[in-house]
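What follows is a set of notes on a single structure, which appears directly below.
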Protein chains: 2
Amino acid sequence: MSVLEEEILSQPEALEHLLRERAAAVVEVASAIRVADVDYALIAARGSSDNTARYAQYLWGSRNALPVALAAPSLFTTYGQPPSLSGSVVVAISQSGESPDLIAVVEEARRQGQPTVAITNEPASTLAGASEHVLDLAVGPERAVAATKTYTAQLLAVAMLSVSLAPDPGLERALAAVPEQVSAMLSGSVRIERLADAFRSADRCVVLGRGFNLATAFEWALKLQELCHVLAVPFSSADFAHGPVSLVDRDLPVFAVAPPGPFQQELGELMVRLRRELDARLLLIADPGATWAHEERVIPLPASVPEAVSPIVAIAGAQWFTYRLAVARGLDPDAPRGLRKVTRTW
Amino acid sequence: MSVLEEEILSQPEALEHLLRERAAAVVEVASAIRVADVDYALIAARGSSDNTARYAQYLWGSRNALPVALAAPSLFTTYGQPPSLSGSVVVAISQSGESPDLIAVVEEARRQGQPTVAITNEPASTLAGASEHVLDLAVGPERAVAATKTYTAQLLAVAMLSVSLAPDPGLERALAAVPEQVSAMLSGSVRIERLADAFRSADRCVVLGRGFNLATAFEWALKLQELCHVLAVPFSSADFAHGPVSLVDRDLPVFAVAPPGPFQQELGELMVRLRRELDARLLLIADPGATWAHEERVIPLPASVPEAVSPIVAIAGAQWFTYRLAVARGLDPDAPRGLRKVTRTW
């Protein structure tokens with residue numbers, strides 16, 4: 001079993017651990033944010049963690065009335081002209097906690113007297129040391145080069161913070177069910193393997209999402225790029241429909257994350273048209289019971305998952321698909337070409 | 001002459017007009033922002049205007065200490081759960097001023113008692129009517145489907161606002177020189193046509209930028225998608241080097257915007273390695289005098305353009321290249337497939 005496979009499959013347990021063991025730590029961090037009484041959250045993140053920030057933008061924006069801005073770290077480093085951070089809580093999200101530019105953002109926030117939070121898997125990291133408050137994900141070391149369990153753990157932590165700031169028994173129950181639902185997503189692995197085989201020869205695709213699952217589209221695309229060397233381009237389906245749709249033909253498969261929710265119908269109609277009018281090859285993460293989905297290739301998402309929680313569950317199916325696609329393409333998921341190269345050369 | 005060509009070539013005059021005729025209006029809007037004494041700017045935008053927002057993030061962040069957040073309009077519309085906007089000035093950027101979701105963001109800001117600014121080319125639009133302050137670009141109706149002159153005008157307006165908030169004679173002189181420099185970029189059109197011919201058969205590429213010119217990379221990629229049906233994927237060169245670099249081979253050309261500035265050397269080294277180690281086909285918008293650039297294909301950018309202003313000048317070369325590439329590929333730049341379809345079907 002590859003390290004990546006092991007880590008993907010360990011997610012139900014890791015998330016369960018986070019829910020159970022880190023609840024008190026979440027309450028503490030949430031209360032620090034509440035007390036600070038800020039106008040907005042400035043999130044500093046890179047790569048997969050940037051996609052966690054996209055999720056926070058929708059979840060904290062809609063549930064906690066808290067706007068989310070994404071930091072431009074080079075303003076703090078290369079340009080040396082950081083903006084004023086007054087009114088903000090600075091939240092740095094980093095698996096390793098060793099990214100120098102994120103550390104620079106947190107250090108500047110401390111200098112300016114603003115509250116800082118690190119969400120990390122490494123509580124002994126430089127980032128954690130620099131931050132006033134630390135939320136340790138504690139899901140165990142991530143050994144695979146591509147982030148999987150730390151990504152879902154970050155999303156869950158963002159959701160736990162949201163519930164702690166604005167309690168809601170329904171959402172709390174939904175979070176408690178996440179480990180089991182992730183497990184259910186991964187148990188469909190044979191079906192997903194067949195889907196991966198069907199797309200084995202694709203060297204490019206677009207990945208569509210909207211709202212909460214814009215994050216999922218971006219994270220899926222990143223994994224496809226890193227692990228499968230597929231030129232995967234993420235789009236908001238709204239932006240996509242206003243122009244880039246012209247790119248679609250038989251050689252450009254369209255992947256989409258279309259869970260139950262207010263955008264399901266819009267995405268469904270777009271999919272049906274892409275197939276009928278442009279002969280597009282589609283792959284959906286969706287409720288297989290949706291009327292428009294029954295003719296399509298679907299990685300099934302349980303209809304009972306609320307949209308606000310669906311990114312944590314949906315990405316597990318996308319991770320498994322991507323892992324199997326890498327294998328089907330003869331690639332080693334534990335030694336992705338570019339990610340190695342980065343450390344050595346770039 | 002196509003409408004698009006006409007509008008690309010009209011930019012020096014349009015920008016000159018904006019500098020001359022709209023200076024007083026800029027001062028008025030800037031003074032309203034100053035008086036409001038806000039913590040951050042929330043920009044609501046879509047498509048090309050979103051790329052203007054990326055530029056504002058770097059310019060206002062570095063020069064005016066003003067952080068920029070990008071709005072997630074669906075929180076205000078589909079989800080009906082807008083965040084609290086206290087501490088913000090809401091700036092909506094829209095060529096037409098008729099995008100319903102941007103109007104919704106501004107209306108919510110008004111309800112919450114926050115200052116609002118519309119930057120638009122249509123002062124009689126619904127968006128302008130809904131906004132407390134309006135900066136009319138007044139560059140004349142944009143008849144081509146793809147935005148060109150309104151994009152550079154938006155960038156220039158963002159820069160004029162920055163100078164008005166924090167005067168700097170050097171930057172003011174640099175802005176005054178923009179029309180002439182855009183004109184110089186466009187006068188290299190024969191050279192650019194040869195470059196377009198060289199990439200005629202490319203159906204995909206990545207477009208790299210960093211800092212101020214991340215906006216240029218995203219805007220160039222959008223134009224390539226819309227006008228040329230090229231699967232163009234924009235990346236921050238920092239993110240690109242940490243993974244997606246693995247995608248590069250002879251069939252995936254790399255376009256990059258690498259003007260003089262603190263990232264020039266980093267980008268230059270990346271380019272040289274991409275060519276030497278991965279045999280990549282490169283196209284740069286850069287100072288042709290840079291030591292690493294002399295072996296590469298270059299759309300020349302005058303070295304005298306300060307980095308903070310370079311996005312306004314650089315994109316003109318990218319627009320011309322993209323226009324010529326569309327023509328070389330036998331496409332009609334005035335009737336791009338996808339953009340038509342949007343209005344009709346999607």
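Going by the structure tokens order, chains are called A, B, ..., each with residues numbered from 1, while ligands are numbered from 1 in the order shown.
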
List every residue of range 103-136 of chain B that DSSP, applied to the backbone of this structure, places in strand (DSSP E or B), and write the result as a tab-separated table (two decimals) with N, CA and C atoms, in the first residue's frame.
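Listed below is the output, result-v2.tsv:
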```
chain	number	residue	atom	x	y	z
B	116	THR	N	-19.70	53.13	-0.28
B	116	THR	CA	-19.66	52.32	-1.51
B	116	THR	C	-19.15	53.16	-2.67
B	117	VAL	N	-18.37	52.50	-3.52
B	117	VAL	CA	-17.82	53.15	-4.71
B	117	VAL	C	-18.03	52.22	-5.89
B	118	ALA	N	-18.50	52.76	-7.00
B	118	ALA	CA	-18.56	51.99	-8.24
B	118	ALA	C	-17.52	52.53	-9.20
B	119	ILE	N	-16.70	51.64	-9.75
B	119	ILE	CA	-15.78	52.01	-10.83
B	119	ILE	C	-16.34	51.36	-12.09
B	120	THR	N	-16.83	52.15	-12.99
B	120	THR	CA	-17.56	51.60	-14.13
B	120	THR	C	-17.39	52.49	-15.36
B	133	HIS	N	-20.71	56.62	-4.31
B	133	HIS	CA	-19.72	57.34	-5.12
B	133	HIS	C	-19.49	56.58	-6.41
B	134	VAL	N	-19.34	57.32	-7.50
B	134	VAL	CA	-19.15	56.68	-8.80
B	134	VAL	C	-17.91	57.25	-9.47
B	135	LEU	N	-17.04	56.36	-9.91
B	135	LEU	CA	-15.92	56.81	-10.74
B	135	LEU	C	-16.19	56.31	-12.16
B	136	ASP	N	-16.61	57.23	-12.99
B	136	ASP	CA	-16.93	56.92	-14.39
B	136	ASP	C	-15.62	56.94	-15.18
```

Contact residues (chain A, partner chain B, 6 Å, only C-alpha atoms) as a list in words: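 Here is what falls inside 6 Å: Gly61, Ser62, Ala65, Leu66, Pro67, Ala69, Gln81, Pro83, Ser84, Gln225, Glu226, His229, His242, Gly243, Pro244, Val245, Ser246, Leu247, Arg337, Gly338, Leu339 and Val342 of chain A.
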
Resulting file, chosen residues, N, CA and C atoms, as a compact mmCIF listing (two decimals), in the first residue's frame:
```txt
# COMPACT_ATOMS: atom_id res chain seq x y z
N GLY A 61 -18.24 33.47 6.35
CA GLY A 61 -19.02 34.58 5.79
C GLY A 61 -20.50 34.38 6.00
N SER A 62 -21.01 33.17 5.70
CA SER A 62 -22.45 32.95 5.78
C SER A 62 -22.92 32.67 7.20
N ALA A 65 -20.99 35.77 9.86
CA ALA A 65 -20.98 37.16 9.41
C ALA A 65 -19.57 37.72 9.32
N LEU A 66 -18.59 36.82 9.26
CA LEU A 66 -17.18 37.23 9.29
C LEU A 66 -16.59 37.18 7.88
N PRO A 67 -16.29 38.33 7.29
CA PRO A 67 -15.67 38.31 5.96
C PRO A 67 -14.26 37.75 6.03
N ALA A 69 -10.56 37.67 4.05
CA ALA A 69 -9.66 38.17 3.01
C ALA A 69 -8.46 37.23 2.94
N GLN A 81 6.18 46.02 2.38
CA GLN A 81 5.21 47.10 2.59
C GLN A 81 3.88 46.50 3.02
N PRO A 83 0.23 45.86 4.56
CA PRO A 83 -0.90 46.76 4.83
C PRO A 83 -1.17 46.86 6.33
N SER A 84 -1.98 47.83 6.69
CA SER A 84 -2.46 47.92 8.07
C SER A 84 -3.41 46.76 8.32
N GLN A 225 -3.15 17.97 -10.90
CA GLN A 225 -1.90 18.51 -11.44
C GLN A 225 -0.70 17.81 -10.81
N GLU A 226 -0.72 17.74 -9.49
CA GLU A 226 0.45 17.24 -8.76
C GLU A 226 0.67 15.74 -8.96
N HIS A 229 -0.25 14.75 -13.30
CA HIS A 229 0.26 15.58 -14.39
C HIS A 229 -0.81 15.88 -15.42
N HIS A 242 -19.37 32.03 -18.58
CA HIS A 242 -19.26 33.33 -19.26
C HIS A 242 -17.98 33.42 -20.07
N GLY A 243 -17.66 32.42 -20.86
CA GLY A 243 -16.47 32.56 -21.69
C GLY A 243 -15.72 31.26 -21.88
N PRO A 244 -15.01 30.79 -20.83
CA PRO A 244 -14.16 29.62 -21.01
C PRO A 244 -14.91 28.36 -21.45
N VAL A 245 -16.22 28.34 -21.34
CA VAL A 245 -17.01 27.21 -21.83
C VAL A 245 -16.66 26.91 -23.29
N SER A 246 -16.18 27.93 -24.00
CA SER A 246 -15.83 27.75 -25.41
C SER A 246 -14.69 26.76 -25.60
N LEU A 247 -13.98 26.45 -24.53
CA LEU A 247 -12.85 25.52 -24.64
C LEU A 247 -13.30 24.07 -24.75
N ARG A 337 6.52 13.83 -9.61
CA ARG A 337 7.66 14.46 -10.27
C ARG A 337 7.93 15.88 -9.79
N GLY A 338 6.94 16.75 -9.95
CA GLY A 338 7.17 18.16 -9.66
C GLY A 338 7.45 18.43 -8.20
N LEU A 339 6.73 17.76 -7.32
CA LEU A 339 6.88 18.04 -5.90
C LEU A 339 8.28 17.67 -5.42
N VAL A 342 10.73 20.36 -6.72
CA VAL A 342 10.68 21.59 -5.93
C VAL A 342 11.75 21.58 -4.86
```

Surrounding residues of Pro311 in chain A excluding itself and chain neighbours under 3 positions, 7 Å, only C-alpha atoms, as a list of chain:residue names: A:Phe212, A:Asn213, A:Thr216, A:Ala314, A:Ile315

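Omitting Ser237 in chain A and its sequence neighbours fewer than 6 positions away, and counting only C-alpha atoms, the residues within 8 Å are Leu208, Gly209, Arg210 and Leu267 of chain A.
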
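The gap separating CA of Val182 in chain B from CA of Glu13 in chain B is 9.8 Å, in Å to one decimal.
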
Nearby residues (only C-alpha atoms) at most 8 Å from Ala45 in chain B, same-chain spacing under 2 positions excluded, as a list in words: Ile43, Gly47, Ser49, Asp50, Ala53, Leu70, Ala71, Ala92, Ile93, Ser94 and Leu102 of chain B

Expected file: the selected residues, N, CA and C atoms, as a PDB file, in the first residue's frame:
```
ATOM      1  N   ILE B  43     -13.654  44.357  -2.499  1.00  0.00           N
ATOM      2  CA  ILE B  43     -13.911  44.593  -3.921  1.00  0.00           C
ATOM      3  C   ILE B  43     -14.836  43.518  -4.456  1.00  0.00           C
ATOM      4  N   GLY B  47     -14.753  38.362 -13.663  1.00  0.00           N
ATOM      5  CA  GLY B  47     -14.025  38.321 -14.931  1.00  0.00           C
ATOM      6  C   GLY B  47     -12.818  39.237 -14.929  1.00  0.00           C
ATOM      7  N   SER B  49     -12.578  42.320 -14.431  1.00  0.00           N
ATOM      8  CA  SER B  49     -12.591  43.257 -13.301  1.00  0.00           C
ATOM      9  C   SER B  49     -12.028  42.609 -12.037  1.00  0.00           C
ATOM     10  N   ASP B  50     -12.184  41.284 -11.941  1.00  0.00           N
ATOM     11  CA  ASP B  50     -11.585  40.552 -10.835  1.00  0.00           C
ATOM     12  C   ASP B  50     -10.057  40.669 -10.893  1.00  0.00           C
ATOM     13  N   ALA B  53      -9.021  43.811  -9.459  1.00  0.00           N
ATOM     14  CA  ALA B  53      -9.002  43.693  -7.996  1.00  0.00           C
ATOM     15  C   ALA B  53      -7.681  43.096  -7.515  1.00  0.00           C
ATOM     16  N   LEU B  70     -11.604  40.144  -1.582  1.00  0.00           N
ATOM     17  CA  LEU B  70     -12.505  39.958  -2.717  1.00  0.00           C
ATOM     18  C   LEU B  70     -13.834  39.406  -2.211  1.00  0.00           C
ATOM     19  N   ALA B  71     -14.922  40.027  -2.616  1.00  0.00           N
ATOM     20  CA  ALA B  71     -16.240  39.572  -2.168  1.00  0.00           C
ATOM     21  C   ALA B  71     -16.593  38.233  -2.798  1.00  0.00           C
ATOM     22  N   ALA B  92     -17.139  48.292  -6.056  1.00  0.00           N
ATOM     23  CA  ALA B  92     -17.606  47.402  -7.124  1.00  0.00           C
ATOM     24  C   ALA B  92     -16.979  47.839  -8.428  1.00  0.00           C
ATOM     25  N   ILE B  93     -16.371  46.894  -9.131  1.00  0.00           N
ATOM     26  CA  ILE B  93     -15.721  47.212 -10.407  1.00  0.00           C
ATOM     27  C   ILE B  93     -16.426  46.437 -11.501  1.00  0.00           C
ATOM     28  N   SER B  94     -17.005  47.157 -12.442  1.00  0.00           N
ATOM     29  CA  SER B  94     -17.783  46.492 -13.493  1.00  0.00           C
ATOM     30  C   SER B  94     -17.856  47.385 -14.711  1.00  0.00           C
ATOM     31  N   LEU B 102     -23.131  41.927  -8.327  1.00  0.00           N
ATOM     32  CA  LEU B 102     -22.343  43.047  -7.807  1.00  0.00           C
ATOM     33  C   LEU B 102     -23.265  44.135  -7.258  1.00  0.00           C
TER      34      LEU B 102
END
```

For Glu98 in chain B: contacts at 9 Å, only C-alpha atoms, fewer than 2 positions along chain excluded, given as a PyMOL selection string: chain B and resi 94-96+100-103+122+125-128

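Between CA of Gly330 in chain A and CA of Arg281 in chain A the separation is 22.1 Å.
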
Contact residues around Thr150 in chain A with only C-alpha atoms at 8 Å, ignoring same-chain residues under 5 positions, as JSON, numbers by chain: {"A": [95, 121, 137, 139, 142]}

DSSP-assigned alpha helix (DSSP H) among range 91-319 of chain A, expressed as a VMD selection string: chain A and resid 100 to 111 126 to 130 149 to 165 169 to 176 178 to 187 189 to 198 214 to 228 237 to 241 264 to 278 310 to 319

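Computed from the coordinates, the CA of Ala30 in chain A to CA of Glu132 in chain A distance equals 12.8 Å.
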